[in-house]
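Undergrad: There's a structure below that I have some questions on.
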Amino acid sequence: MTNILEIKDLCVEVEGQEILHDLDLVIADGEVHALLGPNGSGKTTLMMAIVGYPEYETTKGRILFNGDDIIELDITERARLGIGVSQQRPPTIAGVKLQQVLDYAVANAPQRAQEIDELVSTFQMEPFLERDINAGLSGGEIKRSELFQLLATRPRFVMMDEPDSGVDLEAMNVIGEMTNELLARNHAIRPTERRAGLIITHTGHILDYVHADRAHVMLDGYIGCSGNPRIILDQIRKYGYQECVRCELRRHRR
Amino acid sequence: MENSTNLRPVADIDLSQFATAPNTQRPVLISPDQVELDDAEVMASVGVHVKGEDRSGTYILRDFHPLYAQARTDGLELLPIADALKEYDWLRERYYWRAVPADLDRYTAQCASAPEPQGYFIRVRKGTKVPFPVQACLYIARSDIAQTVHNVVILEEDAELHLITGCATRTDVSSAAHLGVSEHYVGRSASLTSSMVHSWGPEVEVRPRSGTIVEAGGTFVSNYVSLRPARSIQSNPRTWLNGENASAKYLTIILGSQGSTIDTGGDVYLNGENSSAELAHRAVCTGGRIYQRGLLVGNAPGCRAHVDCAGMILDAGEDGFIEAVPGLRSLHPEARMSHEASIGKIAPEQVAYLQSRGMEEREAVSLIIRGFLDADIEGLSPELDARIAEIAELAGHGER
Ligand SMILES: Nc1ncnc2c1ncn2[C@@H]1O[C@H](COP(=O)(O)OP(=O)(O)OP(=O)(O)O)[C@@H](O)[C@H]1O
Ligand SMILES: [Mg+2]
């Protein structure tokens, strides 16, 4: 199987300060990986760098998407290749309605008009369509709105930054369903139709809904360890990230 | 960039350099399909569609001569002002030069001295709700003329009208002057929406002078859009909310360009109990100077007034700027008055966000500008969208 994402020796600077240091990460097509790590370790930075935000400047390394280096591509070009993102703290845009973003998606894929309509009613998005993007939405509502925009475009590779933070139990069910829909985990019998993804989570709640193939722990701008999501999550729950740091140190000493 | 704070915003026009109306007027009323195609296209760009579909009436003035004046619905009168003055004595006695004084300034004086006044007279009879907008075009097809216009609009009790006035110069006209007087009388519980769209050649000088009197329960909505600004536009429409619960709402949208100075304001006198006024300015500066003013004068118990100026700077170049001067004057302790103003650039994270949904940068910029202007003006969307797309295109090439 090909790799949907292959990151090699990646260094990323924000405002002149290096945040990611020689980071390596590989995600095979059709796989979903979880990204864990303490606050400020660089998880969001990694995602924004993959999306192509200009203020997250790649100073070294490569990002291959489906085998092609995308470092030189702008955000639009990357999005059109199929990189989709649900942000942790998306901006509000006064006067621009969620409906307008959906209209744009439909204009570019008219064959999906009916499907998008159905998604609106399945996920009860009607009340949000005429509201300005993210304006005055609650934390949980922002997550729904973000995931919904991804559903409207169905990207090949889906990145989600803490879709489960600040979401109540009931809303969590909806977020879980949306994520499964997005990753085509519900009804895709053929593995080729499955979407690949990278999910940042602190609580791991989202992993109760979506099976993750692998988890990575980010520590201070690099991937400290990778492995079975359940085991890693259990370790972190029991011992905290301190233990990850110690484990890393032991590894380096050897 | 100049550092002087007391820039003289708009210089006086030297009227002697422009040709004025001839003494003898030829009646040149023609049918709309005789309007030349080039002219019709320009008119369409300011919201006036010569075929008149979905319009309840049409008036077209070219240079010094009316081409066409027709009302298509009962209860609506639409005449060249000169004809109306001949027909109705009361017009001169009660309305003509009553909301805008003839001696207000040199431009109104110039209008008053025209051998025969040009412009439209509109009257909507009591209780008549005009079904479609009425459109008027004030069009300049010859260079170096000073077009003077005097319009009077009267809405009787309970009447309703949406008036679209498009003002433009033919594409090959760069220099001219447009001096326009507009008087609006909004009767009891009547509702007038006036949408004015300007699209001028780069060296045109524009001085609209307008006055509106609103009686009890009446509503006046004024939308002003300057798509392609002239060398200078200076206007300060005045509105008197004289009756109880009278209201006025101004939305001024300026899309500036290099080399132009645009100074728009709006004085509203809230004299009626519980009257209310809202003044919103939106400007996108891609060069040139833009002044956003407004003065709301609260003078009655329960009156409410709000001014809101917002500016977006896009590639304004060396000397482009927006200056916001929202004004409030309270003459009554129970007047509730507030203002806000903000000027900034387009937020890069908003553009990036929409790009991450697959939009091109210029598409994202268009959508954000459209949202910023927040203009939902009936009958004008396509023209406004077309111009916003152009500005976004410019902005997309520049540095943000
Ligand atoms: N725009 C910025 N300007 C300055 N520093 C930044 C900026 N963006 C990120 N950083 C810094 O980079 C580091 C990594 O931040 P990042 O948001 O990637 O962490 P995170 O792992 O997503 O944390 P959290 O779990 O709290 O969301 C932090 O120290 C942060 O302060
Ligand atoms: Mg984060």
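A note on labels: chains of the structure tokens are A, B, ... as shown, every chain counts residues from 1, and ligands are counted from 1 in their shown order.
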Identify every residue of chain B that has at least one atom within 10 Å of any atom of chain A, counting only C-alpha atoms, and report the result as a list in words.

TA: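 Written out as asked, the residues are Ala347, Pro348, Glu349, Gln350, Val351, Ala352, Tyr353, Leu354, Gln355, Ser356, Arg357, Gly358, Met359, Glu360, Glu361, Glu363, Ala364, Leu367, Ile368, Ile369, Arg370, Gly371, Phe372, Leu373, Asp374 and Ala375 of chain B.
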
Undergrad: Taking only C-alpha atoms and all ligand atoms and a cut-off of 12 Å, can you tell me which residues surround ligand 2, written as an MDAnalysis selection string?

TA: chainID A and resid 35:48 86:90 160:163 165 199:202 218

Undergrad: Which neighbours of Ala84 in chain B fall inside 10 Å, counting only C-alpha atoms, when residues of the same chain fewer than 4 positions from it are skipped, and could you give them as a VMD selection string?

TA: chain B and resid 77 to 80 88 to 89 91 to 92 120 to 122 152

Undergrad: Could you save the residues just selected, with N, CA, C and O atoms, as a PDB file, in the first residue's frame?

TA:
ATOM      1  N   GLU B  77     -46.481  58.301 -10.256  1.00  0.00           N
ATOM      2  CA  GLU B  77     -46.227  59.293 -11.303  1.00  0.00           C
ATOM      3  C   GLU B  77     -44.736  59.466 -11.457  1.00  0.00           C
ATOM      4  O   GLU B  77     -44.010  59.542 -10.465  1.00  0.00           O
ATOM      5  N   LEU B  78     -44.272  59.545 -12.671  1.00  0.00           N
ATOM      6  CA  LEU B  78     -42.846  59.736 -12.930  1.00  0.00           C
ATOM      7  C   LEU B  78     -42.714  60.663 -14.123  1.00  0.00           C
ATOM      8  O   LEU B  78     -43.081  60.313 -15.245  1.00  0.00           O
ATOM      9  N   LEU B  79     -42.245  61.877 -13.883  1.00  0.00           N
ATOM     10  CA  LEU B  79     -42.172  62.901 -14.934  1.00  0.00           C
ATOM     11  C   LEU B  79     -40.824  63.599 -14.867  1.00  0.00           C
ATOM     12  O   LEU B  79     -40.216  63.690 -13.801  1.00  0.00           O
ATOM     13  N   PRO B  80     -40.374  64.156 -16.005  1.00  0.00           N
ATOM     14  CA  PRO B  80     -39.246  65.079 -15.919  1.00  0.00           C
ATOM     15  C   PRO B  80     -39.666  66.244 -15.021  1.00  0.00           C
ATOM     16  O   PRO B  80     -40.813  66.699 -15.087  1.00  0.00           O
ATOM     17  N   TYR B  88     -47.901  71.198 -11.781  1.00  0.00           N
ATOM     18  CA  TYR B  88     -48.362  71.332 -10.396  1.00  0.00           C
ATOM     19  C   TYR B  88     -47.778  72.583  -9.734  1.00  0.00           C
ATOM     20  O   TYR B  88     -46.585  72.648  -9.461  1.00  0.00           O
ATOM     21  N   ASP B  89     -48.630  73.526  -9.434  1.00  0.00           N
ATOM     22  CA  ASP B  89     -48.163  74.736  -8.759  1.00  0.00           C
ATOM     23  C   ASP B  89     -47.682  74.430  -7.339  1.00  0.00           C
ATOM     24  O   ASP B  89     -46.737  75.025  -6.841  1.00  0.00           O
ATOM     25  N   LEU B  91     -46.096  72.057  -6.256  1.00  0.00           N
ATOM     26  CA  LEU B  91     -44.767  71.449  -6.181  1.00  0.00           C
ATOM     27  C   LEU B  91     -43.737  72.517  -5.812  1.00  0.00           C
ATOM     28  O   LEU B  91     -42.912  72.347  -4.919  1.00  0.00           O
ATOM     29  N   ARG B  92     -43.819  73.650  -6.511  1.00  0.00           N
ATOM     30  CA  ARG B  92     -42.878  74.729  -6.227  1.00  0.00           C
ATOM     31  C   ARG B  92     -43.141  75.332  -4.846  1.00  0.00           C
ATOM     32  O   ARG B  92     -42.213  75.625  -4.099  1.00  0.00           O
ATOM     33  N   TYR B 120     -35.844  64.029 -12.092  1.00  0.00           N
ATOM     34  CA  TYR B 120     -37.140  63.359 -12.080  1.00  0.00           C
ATOM     35  C   TYR B 120     -38.023  63.854 -10.959  1.00  0.00           C
ATOM     36  O   TYR B 120     -37.561  64.315  -9.920  1.00  0.00           O
ATOM     37  N   PHE B 121     -39.318  63.769 -11.247  1.00  0.00           N
ATOM     38  CA  PHE B 121     -40.320  64.002 -10.227  1.00  0.00           C
ATOM     39  C   PHE B 121     -41.045  62.676 -10.050  1.00  0.00           C
ATOM     40  O   PHE B 121     -41.520  62.083 -11.026  1.00  0.00           O
ATOM     41  N   ILE B 122     -41.097  62.194  -8.822  1.00  0.00           N
ATOM     42  CA  ILE B 122     -41.813  60.942  -8.558  1.00  0.00           C
ATOM     43  C   ILE B 122     -42.822  61.197  -7.452  1.00  0.00           C
ATOM     44  O   ILE B 122     -42.490  61.794  -6.420  1.00  0.00           O
ATOM     45  N   VAL B 152     -37.170  65.342  -7.226  1.00  0.00           N
ATOM     46  CA  VAL B 152     -38.079  65.424  -6.084  1.00  0.00           C
ATOM     47  C   VAL B 152     -38.883  64.127  -6.014  1.00  0.00           C
ATOM     48  O   VAL B 152     -39.455  63.692  -7.019  1.00  0.00           O
TER      49      VAL B 152
END

Undergrad: In Å, with one decimal, what is the gap from CA of Val46 in chain B to CA of Thr169 in chain B?

TA: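 Rounded to one decimal, the two atoms are 10.3 Å apart.
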
Undergrad: Which is closer to ligand 1 than all the others in A:Leu5, A:Thr122, A:Glu72, A:His21, using only C-alpha atoms and all ligand atoms?

TA: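 Comparing A:Leu5, A:Thr122, A:Glu72, A:His21 against ligand 1, the winner is A:His21.
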
Undergrad: If you run DSSP on this backbone, which residues of range 31-102 of chain A come out as strand (DSSP E or B), and could you give them as a VMD selection string?

TA: chain A and resid 32 to 36 56 to 65 68 to 69 83 to 86 93 to 97

Undergrad: Emit the selected residues as an mmCIF file, in the first residue's frame, including N, CA and C atoms.

TA:
data_model
loop_
_atom_site.group_PDB
_atom_site.id
_atom_site.type_symbol
_atom_site.label_atom_id
_atom_site.label_comp_id
_atom_site.auth_asym_id
_atom_site.auth_seq_id
_atom_site.Cartn_x
_atom_site.Cartn_y
_atom_site.Cartn_z
ATOM 1 N N VAL A 32 -5.762 5.323 9.928
ATOM 2 C CA VAL A 32 -6.049 6.467 10.785
ATOM 3 C C VAL A 32 -5.062 6.438 11.945
ATOM 4 N N HIS A 33 -4.373 7.554 12.142
ATOM 5 C CA HIS A 33 -3.420 7.630 13.240
ATOM 6 C C HIS A 33 -3.868 8.678 14.251
ATOM 7 N N ALA A 34 -3.551 8.398 15.505
ATOM 8 C CA ALA A 34 -3.837 9.371 16.550
ATOM 9 C C ALA A 34 -2.537 10.079 16.927
ATOM 10 N N LEU A 35 -2.668 11.370 17.245
ATOM 11 C CA LEU A 35 -1.493 12.127 17.658
ATOM 12 C C LEU A 35 -1.737 12.654 19.069
ATOM 13 N N LEU A 36 -0.903 12.194 19.997
ATOM 14 C CA LEU A 36 -1.034 12.604 21.391
ATOM 15 C C LEU A 36 0.163 13.466 21.752
ATOM 16 N N TYR A 56 3.551 29.113 9.215
ATOM 17 C CA TYR A 56 4.266 27.925 9.704
ATOM 18 C C TYR A 56 5.287 27.556 8.629
ATOM 19 N N GLU A 57 6.480 28.056 8.793
ATOM 20 C CA GLU A 57 7.449 27.977 7.708
ATOM 21 C C GLU A 57 8.320 26.732 7.805
ATOM 22 N N THR A 58 8.321 25.981 6.724
ATOM 23 C CA THR A 58 9.155 24.781 6.678
ATOM 24 C C THR A 58 10.574 25.193 6.330
ATOM 25 N N THR A 59 11.493 24.955 7.241
ATOM 26 C CA THR A 59 12.872 25.365 6.974
ATOM 27 C C THR A 59 13.730 24.187 6.539
ATOM 28 N N LYS A 60 13.218 22.982 6.748
ATOM 29 C CA LYS A 60 14.004 21.810 6.386
ATOM 30 C C LYS A 60 13.068 20.621 6.244
ATOM 31 N N GLY A 61 13.434 19.669 5.405
ATOM 32 C CA GLY A 61 12.680 18.424 5.328
ATOM 33 C C GLY A 61 11.669 18.392 4.199
ATOM 34 N N ARG A 62 10.930 17.297 4.151
ATOM 35 C CA ARG A 62 9.987 17.077 3.065
ATOM 36 C C ARG A 62 8.646 16.659 3.623
ATOM 37 N N ILE A 63 7.584 17.049 2.891
ATOM 38 C CA ILE A 63 6.261 16.498 3.170
ATOM 39 C C ILE A 63 5.778 15.900 1.850
ATOM 40 N N LEU A 64 5.672 14.579 1.822
ATOM 41 C CA LEU A 64 5.161 13.937 0.611
ATOM 42 C C LEU A 64 3.704 13.582 0.840
ATOM 43 N N PHE A 65 2.878 13.992 -0.121
ATOM 44 C CA PHE A 65 1.473 13.609 -0.057
ATOM 45 C C PHE A 65 1.205 12.697 -1.240
ATOM 46 N N ASP A 68 4.034 12.768 -3.655
ATOM 47 C CA ASP A 68 4.558 14.014 -4.234
ATOM 48 C C ASP A 68 4.897 15.028 -3.156
ATOM 49 N N ASP A 69 6.010 15.700 -3.354
ATOM 50 C CA ASP A 69 6.414 16.731 -2.398
ATOM 51 C C ASP A 69 5.478 17.935 -2.527
ATOM 52 N N ILE A 83 -6.259 17.355 0.998
ATOM 53 C CA ILE A 83 -5.894 17.498 2.406
ATOM 54 C C ILE A 83 -6.960 18.357 3.083
ATOM 55 N N GLY A 84 -7.643 17.781 4.046
ATOM 56 C CA GLY A 84 -8.700 18.517 4.724
ATOM 57 C C GLY A 84 -8.370 18.661 6.202
ATOM 58 N N VAL A 85 -8.827 19.752 6.815
ATOM 59 C CA VAL A 85 -8.503 19.961 8.213
ATOM 60 C C VAL A 85 -9.688 20.525 8.984
ATOM 61 N N SER A 86 -9.833 20.024 10.187
ATOM 62 C CA SER A 86 -10.773 20.612 11.127
ATOM 63 C C SER A 86 -9.919 21.227 12.226
ATOM 64 N N ILE A 93 -15.536 34.423 10.699
ATOM 65 C CA ILE A 93 -15.517 35.291 9.524
ATOM 66 C C ILE A 93 -16.853 36.010 9.438
ATOM 67 N N ALA A 94 -16.838 37.292 9.768
ATOM 68 C CA ALA A 94 -18.071 38.069 9.804
ATOM 69 C C ALA A 94 -18.659 38.172 8.403
ATOM 70 N N GLY A 95 -19.939 37.915 8.319
ATOM 71 C CA GLY A 95 -20.649 38.102 7.056
ATOM 72 C C GLY A 95 -20.551 36.928 6.098
ATOM 73 N N VAL A 96 -19.701 35.957 6.400
ATOM 74 C CA VAL A 96 -19.615 34.795 5.513
ATOM 75 C C VAL A 96 -20.337 33.623 6.189
ATOM 76 N N LYS A 97 -21.310 33.086 5.484
ATOM 77 C CA LYS A 97 -22.169 32.049 6.061
ATOM 78 C C LYS A 97 -21.630 30.659 5.749
#

Undergrad: Measure the distance from CA of Gln70 in chain B to CA of Ser113 in chain B in Å and round it to one decimal.

TA: 26.4 Å

Undergrad: Name the residues in contact with Arg185 in chain A at a cut-off of 9 Å, using only C-alpha atoms, excluding same-chain residues fewer than 3 positions from it; report them as an mmCIF file with all heavy atoms, in the first residue's frame.

TA:
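See result.cif below for the written result:
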data_model
loop_
_atom_site.group_PDB
_atom_site.id
_atom_site.type_symbol
_atom_site.label_atom_id
_atom_site.label_comp_id
_atom_site.auth_asym_id
_atom_site.auth_seq_id
_atom_site.Cartn_x
_atom_site.Cartn_y
_atom_site.Cartn_z
ATOM 1 N N THR A 179 -17.271 11.628 12.220
ATOM 2 C CA THR A 179 -15.899 11.209 11.934
ATOM 3 C C THR A 179 -15.881 9.886 11.180
ATOM 4 O O THR A 179 -15.141 9.722 10.204
ATOM 5 C CB THR A 179 -15.119 11.083 13.259
ATOM 6 O OG1 THR A 179 -15.246 12.312 13.971
ATOM 7 C CG2 THR A 179 -13.655 10.794 13.007
ATOM 8 N N ASN A 180 -16.729 8.954 11.606
ATOM 9 C CA ASN A 180 -16.803 7.676 10.908
ATOM 10 C C ASN A 180 -17.264 7.847 9.467
ATOM 11 O O ASN A 180 -16.764 7.209 8.549
ATOM 12 C CB ASN A 180 -17.743 6.726 11.646
ATOM 13 C CG ASN A 180 -16.998 5.997 12.751
ATOM 14 O OD1 ASN A 180 -15.871 5.556 12.547
ATOM 15 N ND2 ASN A 180 -17.608 5.894 13.916
ATOM 16 N N GLU A 181 -18.237 8.737 9.297
ATOM 17 C CA GLU A 181 -18.739 9.039 7.962
ATOM 18 C C GLU A 181 -17.606 9.610 7.102
ATOM 19 O O GLU A 181 -17.386 9.226 5.955
ATOM 20 C CB GLU A 181 -19.889 10.044 8.099
ATOM 21 C CG GLU A 181 -20.531 10.475 6.810
ATOM 22 C CD GLU A 181 -21.446 9.409 6.215
ATOM 23 O OE1 GLU A 181 -22.087 8.672 6.989
ATOM 24 O OE2 GLU A 181 -21.482 9.322 4.973
ATOM 25 N N LEU A 182 -16.889 10.524 7.713
ATOM 26 C CA LEU A 182 -15.810 11.226 7.026
ATOM 27 C C LEU A 182 -14.708 10.266 6.598
ATOM 28 O O LEU A 182 -14.131 10.370 5.525
ATOM 29 C CB LEU A 182 -15.249 12.250 8.009
ATOM 30 C CG LEU A 182 -14.479 13.436 7.520
ATOM 31 C CD1 LEU A 182 -15.224 14.144 6.414
ATOM 32 C CD2 LEU A 182 -14.284 14.393 8.686
ATOM 33 N N ALA A 188 -17.687 1.395 4.218
ATOM 34 C CA ALA A 188 -16.731 1.042 3.181
ATOM 35 C C ALA A 188 -16.214 -0.370 3.427
ATOM 36 O O ALA A 188 -15.416 -0.609 4.316
ATOM 37 C CB ALA A 188 -15.583 2.027 3.163
ATOM 38 N N ILE A 189 -16.748 -1.284 2.662
ATOM 39 C CA ILE A 189 -16.310 -2.664 2.803
ATOM 40 C C ILE A 189 -14.913 -2.794 2.205
ATOM 41 O O ILE A 189 -14.032 -3.398 2.787
ATOM 42 C CB ILE A 189 -17.262 -3.636 2.071
ATOM 43 C CG1 ILE A 189 -18.672 -3.146 2.131
ATOM 44 C CG2 ILE A 189 -17.029 -5.064 2.537
ATOM 45 C CD1 ILE A 189 -19.551 -3.441 3.226
ATOM 46 N N GLU A 193 -11.702 2.352 -0.273
ATOM 47 C CA GLU A 193 -12.553 3.529 -0.125
ATOM 48 C C GLU A 193 -12.352 4.206 1.214
ATOM 49 O O GLU A 193 -12.873 5.282 1.455
ATOM 50 C CB GLU A 193 -14.013 3.139 -0.282
ATOM 51 C CG GLU A 193 -14.374 2.974 -1.731
ATOM 52 C CD GLU A 193 -15.840 2.672 -1.920
ATOM 53 O OE1 GLU A 193 -16.625 2.898 -0.983
ATOM 54 O OE2 GLU A 193 -16.167 2.204 -3.013
ATOM 55 N N ARG A 194 -11.621 3.557 2.062
ATOM 56 C CA ARG A 194 -11.390 4.152 3.375
ATOM 57 C C ARG A 194 -10.481 5.357 3.249
ATOM 58 O O ARG A 194 -9.527 5.357 2.494
ATOM 59 C CB ARG A 194 -10.737 3.127 4.295
ATOM 60 C CG ARG A 194 -11.664 2.007 4.641
ATOM 61 C CD ARG A 194 -10.989 1.119 5.623
ATOM 62 N NE ARG A 194 -11.979 0.373 6.373
ATOM 63 C CZ ARG A 194 -11.723 -0.191 7.544
ATOM 64 N NH1 ARG A 194 -10.518 -0.068 8.082
ATOM 65 N NH2 ARG A 194 -12.651 -0.852 8.174
ATOM 66 N N ARG A 195 -10.821 6.359 4.031
ATOM 67 C CA ARG A 195 -9.996 7.564 4.015
ATOM 68 C C ARG A 195 -8.948 7.460 5.109
ATOM 69 O O ARG A 195 -9.195 6.862 6.153
ATOM 70 C CB ARG A 195 -10.857 8.808 4.252
ATOM 71 C CG ARG A 195 -11.960 8.964 3.247
ATOM 72 C CD ARG A 195 -11.372 9.158 1.884
ATOM 73 N NE ARG A 195 -12.353 8.865 0.835
ATOM 74 C CZ ARG A 195 -12.929 9.788 0.099
ATOM 75 N NH1 ARG A 195 -12.626 11.044 0.259
ATOM 76 N NH2 ARG A 195 -13.794 9.454 -0.833
ATOM 77 N N VAL A 210 -13.849 5.795 16.680
ATOM 78 C CA VAL A 210 -13.110 5.550 15.450
ATOM 79 C C VAL A 210 -11.919 4.666 15.776
ATOM 80 O O VAL A 210 -11.163 4.968 16.696
ATOM 81 C CB VAL A 210 -12.573 6.881 14.877
ATOM 82 C CG1 VAL A 210 -11.907 6.645 13.536
ATOM 83 C CG2 VAL A 210 -13.682 7.891 14.767
ATOM 84 N N HIS A 211 -11.759 3.644 15.028
ATOM 85 C CA HIS A 211 -10.594 2.797 15.258
ATOM 86 C C HIS A 211 -9.346 3.468 14.696
ATOM 87 O O HIS A 211 -9.298 3.837 13.525
ATOM 88 C CB HIS A 211 -10.784 1.433 14.597
ATOM 89 C CG HIS A 211 -9.513 0.626 14.600
ATOM 90 N ND1 HIS A 211 -9.068 -0.016 15.736
ATOM 91 C CD2 HIS A 211 -8.585 0.418 13.641
ATOM 92 C CE1 HIS A 211 -7.919 -0.610 15.454
ATOM 93 N NE2 HIS A 211 -7.603 -0.366 14.192
#

Undergrad: Interatomic distance between CA of Val325 in chain B and CA of Gly294 in chain B?

TA: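 Separation between CA of Val325 in chain B and CA of Gly294 in chain B: 7.0 Å.
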
Undergrad: Nearest to ligand 1 among A:Leu20, A:Glu141, A:Glu118, A:Asn228, with distances taken over only C-alpha atoms and all ligand atoms: which residue is it?

TA: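 Closest residue, counting only C-alpha atoms and all ligand atoms: A:Leu20.
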
Undergrad: Can you pull out every residue within 9 Å of range 281-285 of chain B, counting only C-alpha atoms, but drop anything in the same chain fewer than 2 positions away, and send it as a ChimeraX atom specification?

TA: /B:250-258,264-265,279,287-290,292-294,307-316,320-322,324,369,372-374,391

Undergrad: Looking at only C-alpha atoms, which of A:Asn134, A:Ala215, A:Ile206, A:Arg156 is the one that sits closest to Arg230 in chain A?

TA: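 The closest residue to Arg230 in chain A is A:Ala215.
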
Undergrad: Would you please give, as an MDAnalysis selection string, all residues of range 141-233 of chain A that DSSP assigns to alpha helix (DSSP H) based on the backbone?

TA: chainID A and resid 141:153 169:182 229:233
